[in-house]
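Shown next: run-v2.csv, containing CSV, C-alpha atoms.
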chain,number,residue,atom,x,y,z
A,1444,MET,CA,65.3,-104.5,36.2
A,1445,LYS,CA,68.8,-105.6,37.2
A,1446,ALA,CA,68.2,-104.0,40.6
A,1447,LEU,CA,64.9,-105.9,41.0
A,1448,GLY,CA,66.8,-109.2,40.2
A,1449,TRP,CA,69.5,-108.4,42.7
A,1450,ILE,CA,66.8,-107.7,45.4
A,1451,CYS,CA,65.1,-111.0,44.6
A,1452,LYS,CA,68.4,-112.9,45.0
A,1453,ALA,CA,69.3,-111.1,48.1
A,1454,ASN,CA,66.0,-111.9,49.8
A,1455,GLY,CA,65.5,-115.3,48.4
A,1456,SER,CA,62.0,-114.4,47.0
A,1457,GLY,CA,60.3,-111.9,44.8
A,1458,LEU,CA,58.5,-110.2,47.6
A,1459,ALA,CA,60.9,-107.3,47.9
A,1460,ALA,CA,61.0,-106.9,44.2
A,1461,ARG,CA,57.2,-106.7,44.0
A,1462,ALA,CA,57.2,-104.1,46.7
A,1463,VAL,CA,59.7,-101.9,44.8
A,1464,LEU,CA,57.8,-102.4,41.6
A,1465,LEU,CA,54.6,-101.4,43.3
A,1466,PHE,CA,56.3,-98.3,44.7
A,1467,PHE,CA,57.4,-97.2,41.2
A,1468,LEU,CA,53.9,-97.9,39.7
A,1469,VAL,CA,52.2,-95.9,42.4
A,1470,GLY,CA,54.6,-93.0,41.8
A,1471,ALA,CA,54.0,-93.2,38.0
A,1472,ALA,CA,50.2,-93.3,38.5
A,1473,ALA,CA,50.4,-90.2,40.8
A,1474,ALA,CA,52.5,-88.3,38.2
A,1475,LEU,CA,50.0,-89.2,35.5
A,1476,ALA,CA,47.0,-88.1,37.6
A,1477,LEU,CA,48.8,-84.8,38.2
A,1478,ALA,CA,49.3,-84.3,34.5
A,1479,GLN,CA,45.7,-85.2,33.7
A,1480,SER,CA,44.3,-82.8,36.3
A,1481,GLY,CA,45.8,-79.9,34.4
A,1482,ALA,CA,48.0,-78.8,37.3
A,1483,MET,CA,51.2,-78.7,35.2
A,1484,THR,CA,51.7,-75.2,33.8
A,1485,PRO,CA,52.3,-74.7,30.0
A,1486,TYR,CA,54.4,-71.5,30.8
A,1487,GLN,CA,58.1,-71.7,31.4
A,1488,ASP,CA,58.4,-69.2,34.3
A,1489,GLU,CA,55.3,-70.2,36.2
A,1490,SER,CA,55.0,-72.7,39.0
A,1491,ASP,CA,52.8,-75.7,38.6
A,1492,GLY,CA,49.3,-75.2,39.8
A,1493,VAL,CA,47.9,-76.0,43.2
A,1494,SER,CA,44.2,-76.3,44.2
A,1495,ALA,CA,42.4,-73.1,44.9
A,1496,GLY,CA,39.3,-74.9,45.9
A,1497,GLY,CA,36.7,-76.8,43.9
A,1498,LYS,CA,37.9,-77.2,40.3
A,1499,TRP,CA,40.0,-74.0,40.4
A,1500,LEU,CA,43.8,-74.1,40.1
A,1501,GLU,CA,46.3,-71.3,41.2
A,1502,PHE,CA,49.6,-70.6,39.5
A,1503,HIS,CA,52.4,-68.2,40.6
A,1504,SER,CA,55.1,-66.4,38.7
A,1505,THR,CA,57.3,-63.3,39.1
A,1506,ASN,CA,57.9,-60.6,36.4
A,1507,LYS,CA,61.6,-60.9,35.7
A,1508,MET,CA,62.0,-57.2,34.9
A,1509,THR,CA,59.8,-55.5,37.6
A,1510,GLY,CA,59.7,-58.2,40.2
A,1511,ALA,CA,55.9,-58.0,40.4
A,1512,LYS,CA,54.2,-61.0,41.9
A,1513,LYS,CA,51.7,-62.6,39.5
A,1514,VAL,CA,48.9,-65.1,40.2
A,1515,ARG,CA,46.8,-66.9,37.6
A,1516,PHE,CA,43.6,-68.7,38.5
A,1517,GLU,CA,42.2,-71.2,36.0
A,1518,ILE,CA,39.0,-73.2,35.8
A,1519,GLN,CA,38.2,-75.6,33.0
A,1520,SER,CA,34.7,-76.3,31.7
A,1521,ASP,CA,32.9,-79.6,32.4
A,1522,ASN,CA,32.5,-80.2,28.6
A,1523,TYR,CA,34.3,-80.0,25.3
A,1524,PHE,CA,33.4,-78.1,22.2
A,1525,ARG,CA,32.8,-80.2,19.1
A,1526,GLU,CA,35.9,-79.2,17.2
A,1527,ASP,CA,38.4,-80.4,19.9
A,1528,PRO,CA,37.6,-83.2,22.4
A,1529,GLU,CA,41.1,-82.8,23.8
A,1530,TYR,CA,40.9,-79.2,25.0
A,1531,LYS,CA,38.2,-77.9,27.4
A,1532,PRO,CA,37.2,-74.2,27.3
A,1533,ARG,CA,38.6,-72.3,30.3
A,1534,VAL,CA,38.5,-69.1,32.2
A,1535,ASN,CA,41.8,-67.5,33.4
A,1536,LEU,CA,42.1,-64.7,35.9
A,1537,TYR,CA,45.4,-62.8,35.7
A,1538,CYS,CA,46.3,-60.8,38.8
A,1539,SER,CA,49.4,-58.8,39.5
A,1540,GLU,CA,50.4,-57.1,42.8
A,1541,GLY,CA,47.1,-57.9,44.3
A,1542,LYS,CA,44.9,-56.6,41.5
A,1543,LEU,CA,43.0,-58.2,38.6
A,1544,LYS,CA,44.6,-57.3,35.3
A,1545,LEU,CA,42.7,-59.5,32.8
A,1546,ALA,CA,40.0,-62.1,32.8
A,1547,ASP,CA,39.7,-64.2,29.7
A,1548,PHE,CA,37.5,-66.9,28.3
A,1549,ASN,CA,39.4,-69.2,26.1
A,1550,PRO,CA,37.1,-71.6,24.1
A,1551,GLY,CA,40.0,-73.5,22.5
A,1552,VAL,CA,38.4,-73.1,19.1
A,1553,ARG,CA,38.1,-70.4,16.5
A,1554,LEU,CA,35.5,-67.8,17.4
A,1555,ALA,CA,33.0,-66.3,15.0
A,1556,ARG,CA,33.7,-62.7,13.8
A,1557,PRO,CA,32.8,-59.9,16.2
A,1558,ASN,CA,29.3,-58.7,15.9
A,1559,ARG,CA,29.2,-55.4,17.9
A,1560,PRO,CA,31.4,-52.5,18.9
A,1561,GLY,CA,32.5,-51.8,22.5
A,1562,PHE,CA,32.3,-48.4,24.2
A,1563,TRP,CA,35.6,-47.4,22.6
A,1564,GLY,CA,34.8,-49.0,19.3
A,1565,GLN,CA,36.8,-52.2,20.0
A,1566,PRO,CA,35.5,-55.4,18.4
A,1567,GLN,CA,33.2,-57.5,20.7
A,1568,LEU,CA,31.3,-60.7,20.5
A,1569,GLU,CA,28.0,-60.9,22.2
A,1570,VAL,CA,27.6,-63.9,24.6
A,1571,MET,CA,24.8,-65.1,26.8
A,1572,VAL,CA,26.0,-65.7,30.4
A,1573,ARG,CA,24.2,-67.8,33.0
A,1574,VAL,CA,25.1,-67.4,36.7
A,1575,ASP,CA,23.0,-69.9,38.7
A,1576,GLU,CA,19.4,-69.0,37.8
A,1577,ALA,CA,20.1,-65.6,36.3
A,1578,HIS,CA,21.1,-65.1,32.6
A,1579,TYR,CA,22.0,-62.0,30.6
A,1580,PHE,CA,23.8,-60.8,27.5
A,1581,LYS,CA,27.3,-59.3,27.5
A,1582,GLY,CA,29.7,-57.9,24.9
A,1583,TRP,CA,33.1,-59.4,25.5
A,1584,ASN,CA,36.2,-57.9,23.8
A,1585,TRP,CA,37.2,-60.1,20.8
A,1586,MET,CA,40.9,-60.9,21.0
A,1587,ARG,CA,42.4,-62.1,17.7
A,1588,GLY,CA,39.6,-64.6,17.3
A,1589,ARG,CA,41.1,-66.9,19.9
A,1590,PHE,CA,39.7,-65.7,23.2
A,1591,LEU,CA,37.4,-63.1,24.8
A,1592,SER,CA,38.1,-60.6,27.5
A,1593,MET,CA,35.5,-60.9,30.2
A,1594,ASP,CA,33.8,-58.1,32.1
A,1595,LYS,CA,34.5,-57.8,35.9
A,1596,GLY,CA,30.8,-58.3,36.8
A,1597,SER,CA,30.7,-61.7,35.1
A,1598,VAL,CA,33.9,-62.7,36.9
A,1599,ARG,CA,32.5,-61.7,40.3
A,1600,GLY,CA,29.2,-63.5,39.6
A,1601,MET,CA,31.1,-66.7,38.6
A,1602,MET,CA,33.1,-66.6,41.8
A,1603,GLY,CA,30.1,-67.1,44.1
A,1604,ALA,CA,28.1,-69.3,41.8
A,1605,GLN,CA,27.5,-73.1,41.6
A,1606,VAL,CA,26.6,-72.9,37.9
A,1607,PHE,CA,28.2,-70.7,35.2
A,1608,LYS,CA,27.6,-71.1,31.5
A,1609,VAL,CA,28.6,-69.2,28.4
A,1610,GLU,CA,26.8,-69.5,25.1
A,1611,LEU,CA,28.7,-68.0,22.1
A,1612,ARG,CA,29.1,-68.2,18.4
A,1613,THR,CA,32.1,-70.2,17.1
A,1614,GLN,CA,33.0,-70.8,13.5
A,1615,SER,CA,31.0,-74.0,13.6
A,1616,GLY,CA,27.9,-72.5,15.2
A,1617,ARG,CA,26.6,-71.7,18.7
A,1618,GLN,CA,28.0,-73.7,21.6
A,1619,ILE,CA,27.8,-73.6,25.4
A,1620,ALA,CA,30.7,-74.0,27.8
A,1621,GLU,CA,29.5,-75.3,31.2
A,1622,PHE,CA,31.4,-74.6,34.4
A,1623,SER,CA,31.1,-75.8,38.0
A,1624,PRO,CA,32.8,-72.9,39.8
A,1625,GLY,CA,31.7,-73.7,43.4
A,1626,GLY,CA,34.3,-74.3,46.1
A,1627,LEU,CA,36.7,-71.5,45.1
A,1628,ASN,CA,38.8,-70.3,48.1
A,1629,LEU,CA,37.4,-66.7,48.3
A,1630,ASP,CA,40.1,-65.6,50.7
A,1631,ARG,CA,42.9,-66.5,48.3
A,1632,ILE,CA,41.3,-64.7,45.3
A,1633,ARG,CA,40.5,-61.6,47.5
A,1634,GLU,CA,44.2,-61.5,48.6
A,1635,ALA,CA,45.7,-62.1,45.1
A,1636,CYS,CA,43.2,-60.2,43.0
A,1637,ASP,CA,41.2,-57.9,45.3
A,1638,LEU,CA,38.0,-59.6,44.1
A,1639,THR,CA,34.9,-60.5,46.0
A,1640,PRO,CA,31.8,-62.4,44.7
A,1641,LYS,CA,28.7,-60.4,43.7
A,1642,LYS,CA,25.4,-61.8,42.4
A,1643,PRO,CA,24.3,-60.3,39.0
A,1644,SER,CA,21.6,-57.7,39.4
Whole structure given in structure tokens:
Amino acid sequence: MKALGWICKANGSGLAARAVLLFFLVGAAAALALAQSGAMTPYQDESDGVSAGGKWLEFHSTNKMTGAKKVRFEIQSDNYFREDPEYKPRVNLYCSEGKLKLADFNPGVRLARPNRPGFWGQPQLEVMVRVDEAHYFKGWNWMRGRFLSMDKGSVRGMMGAQVFKVELRTQSGRQIAEFSPGGLNLDRIREACDLTPKKPS
């Protein structure tokens, strides 16, 4: 504020001070918008996100021990689950050295108990998936009651879709996460994860 007062006196009017104040306000608004967009990473060794097209964000990091280049793609849902209006369900694709390593669905709430075994006997939760006009049931691996490991087919279907929805059981009942995945830069995800879109059959 002392600097603003000095500028006012030096120019004989408050015009310069108002210009400087406007500059700081615009900068603060831009920083707030960046934070609200979810582009700031929660991970210490990961760069802040950049747009990967549509509502997708792309984050980069390097494994400190192996030097492997890692890329994470994230998309948040259009809606909240009833337990937490501050956290949107999201899908994360974790890729390393040009290959998909893990795709997870994080609802941000406690999941119901697993209700089926996987091929190797691992606990799974059955979900209903909608990709545009197609819908089907899948068993996704249940990971500590916090998130589900997605199958590659659902990931590829989501990549080329305009509508993607997941219906699942949480501890407070069945809920639906609704995504708008259109606009993803397919060249970027093919390069980083060796993934291409494929409609569900």
What are the nearest atom pairs, with distances in Å to one decimal, for all residues of region 1578-1613 of chain A that come at most 10 Å from region 1509-1524 of chain A, using all atoms listed in the file, set out by chain and rising residue number as a Markdown table?
| residue | atom | partner | partner_atom | distance |
| --- | --- | --- | --- | --- |
| A:Phe1607 | CA | A:Ser1520 | CA | 9.3 |
| A:Lys1608 | CA | A:Ser1520 | CA | 8.8 |
| A:Val1609 | CA | A:Ser1520 | CA | 9.9 |
| A:Thr1613 | CA | A:Phe1524 | CA | 9.5 |
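If you count only C-alpha atoms and ignore residues fewer than 6 places along the chain from region 1625-1642 of chain A, what sits within 7 Å of it is Ala1495, Gly1496, Gly1497, Trp1499, Val1514, Cys1538, Gly1541, Lys1542, Leu1543, Arg1599, Gly1600, Met1602, Gly1603, Ala1604 and Gln1605 of chain A.
Here CA of Pro1566 (chain A) and CA of Phe1548 (chain A) stand 15.3 Å from one another.
Near region 1487-1493 of chain A, within a cut-off of 7 Å and counting all atoms listed in the file, sit the residues Ala1482, Met1483, Leu1500, Glu1501, Phe1502, His1503 and Ser1504 of chain A, with same-chain residues fewer than 4 positions away left out.
Of the residues listed (A:Val1572, A:Lys1595, A:Asp1527, A:Gly1564), A:Val1572 shows the shortest atom-to-atom separation from Glu1621 (chain A); distances use all atoms listed in the file.
Taking CA of Ala1577 (chain A) as the reference point, CA of Ser1623 (chain A) is found at 15.1 Å.
CA of Ser1597 (chain A) is found 26.0 Å from CA of Tyr1486 (chain A).
Checking A:Met1571, A:Met1586, A:Val1598, A:Met1593 one by one against Glu1610 (chain A), counting all atoms listed in the file, you find the shortest gap at A:Met1571.
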- prompt: Pick from A:Arg1556, A:Arg1617, A:Arg1589, A:His1578: nearest to Met1601 (chain A), with only C-alpha atoms counted?
  reply: A:His1578
query: Taking all atoms listed in the file into account, which of A:Trp1585, A:Phe1622, A:Asn1535, A:Pro1550 comes nearest Arg1573 (chain A)?
result: A:Phe1622
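Among A:Glu1576, A:Glu1540, A:Asp1547, A:Glu1569, the residue with the shortest atom-to-atom distance to Ser1592 (chain A), counting only C-alpha atoms, is A:Asp1547.
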message: Given only C-alpha atoms as the basis, pick out the residue of A:Gly1616, A:Ser1644, A:Thr1505, A:Gly1582 nearest to Ser1539 (chain A).
response: A:Thr1505
